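A.B. asks: Please see the structure below; I have some questions.
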Amino acid sequence: MFALGTIINTIAIALAGVLGSWFGHLLKERHQSGLTVASGLAVLFLGISGSLEGLLTVVDGQLKSQNSMLLVLSLALGTLIGEVLHIEGWFERLGVWLREKSGVNSQSKF
């Protein structure tokens, strides 16, 4: 099936978000903070490893880089497109809308 991993990931994230909204108050603030930091680090390392996987290869026992300009151009083009389309503003408005629809008014808990 096409993009099955993406679909499963999306469902898992949505489910975890709902469960966190329902049961998050049962955890102490420091536990919530620790889980947030751990999740952020995991996402950061997964993103870096995914990027490096396409950039670095081992050839004859030596580390070789490839496609580094593709990374630079992709980041530059993505930044320009995001700024022109004001994508950050769209996400901010989406967050406000979701907070209103979910009844969660606290910025730190959402």
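Identifiers in this document derive from the order of the structure tokens: chains are assigned A, B, ..., residues are numbered from 1 separately in each chain, and ligands are numbered from 1 in order of occurrence.
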Which residues come within 10 Å of stretch 67-69 of chain A, counting only C-alpha atoms, excluding same-chain residues fewer than 4 positions away, as a compact mmCIF listing (two decimals) with N, CA and C atoms, in the first residue's frame?
C.D. replies:
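Listed below is the output, selection09.txt:
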```txt
# COMPACT_ATOMS: atom_id res chain seq x y z
N SER A 51 18.97 12.52 7.08
CA SER A 51 19.69 13.42 6.17
C SER A 51 21.07 12.90 5.85
N LEU A 52 21.78 12.44 6.87
CA LEU A 52 23.14 11.95 6.66
C LEU A 52 23.17 10.66 5.85
N GLY A 54 21.53 9.95 3.23
CA GLY A 54 21.60 10.28 1.82
C GLY A 54 22.83 11.07 1.44
N LEU A 55 23.53 11.61 2.43
CA LEU A 55 24.70 12.46 2.15
C LEU A 55 26.02 11.73 2.29
N LEU A 56 26.09 10.74 3.15
CA LEU A 56 27.36 10.08 3.44
C LEU A 56 27.30 8.60 3.06
N LEU A 73 20.64 23.46 -1.49
CA LEU A 73 19.62 24.03 -2.37
C LEU A 73 18.21 23.71 -1.87
N SER A 74 18.00 22.52 -1.35
CA SER A 74 16.68 22.15 -0.83
C SER A 74 16.31 23.01 0.37
N LEU A 75 17.26 23.23 1.27
CA LEU A 75 16.99 24.09 2.43
C LEU A 75 16.70 25.52 2.01
```
A.B. asks: Enumerate the residues of chain A with a DSSP assignment of strand (DSSP E or B), computed from the backbone, and present them as a PyMOL selection string.
C.D. replies: chain A and resi 56-59+62-65
A.B. asks: From a DSSP calculation on the backbone, collect every residue of chain A in helix (DSSP H, G or I) and output the set as a PyMOL selection string.
C.D. replies: chain A and resi 4-26+29-55+68-85+87-102
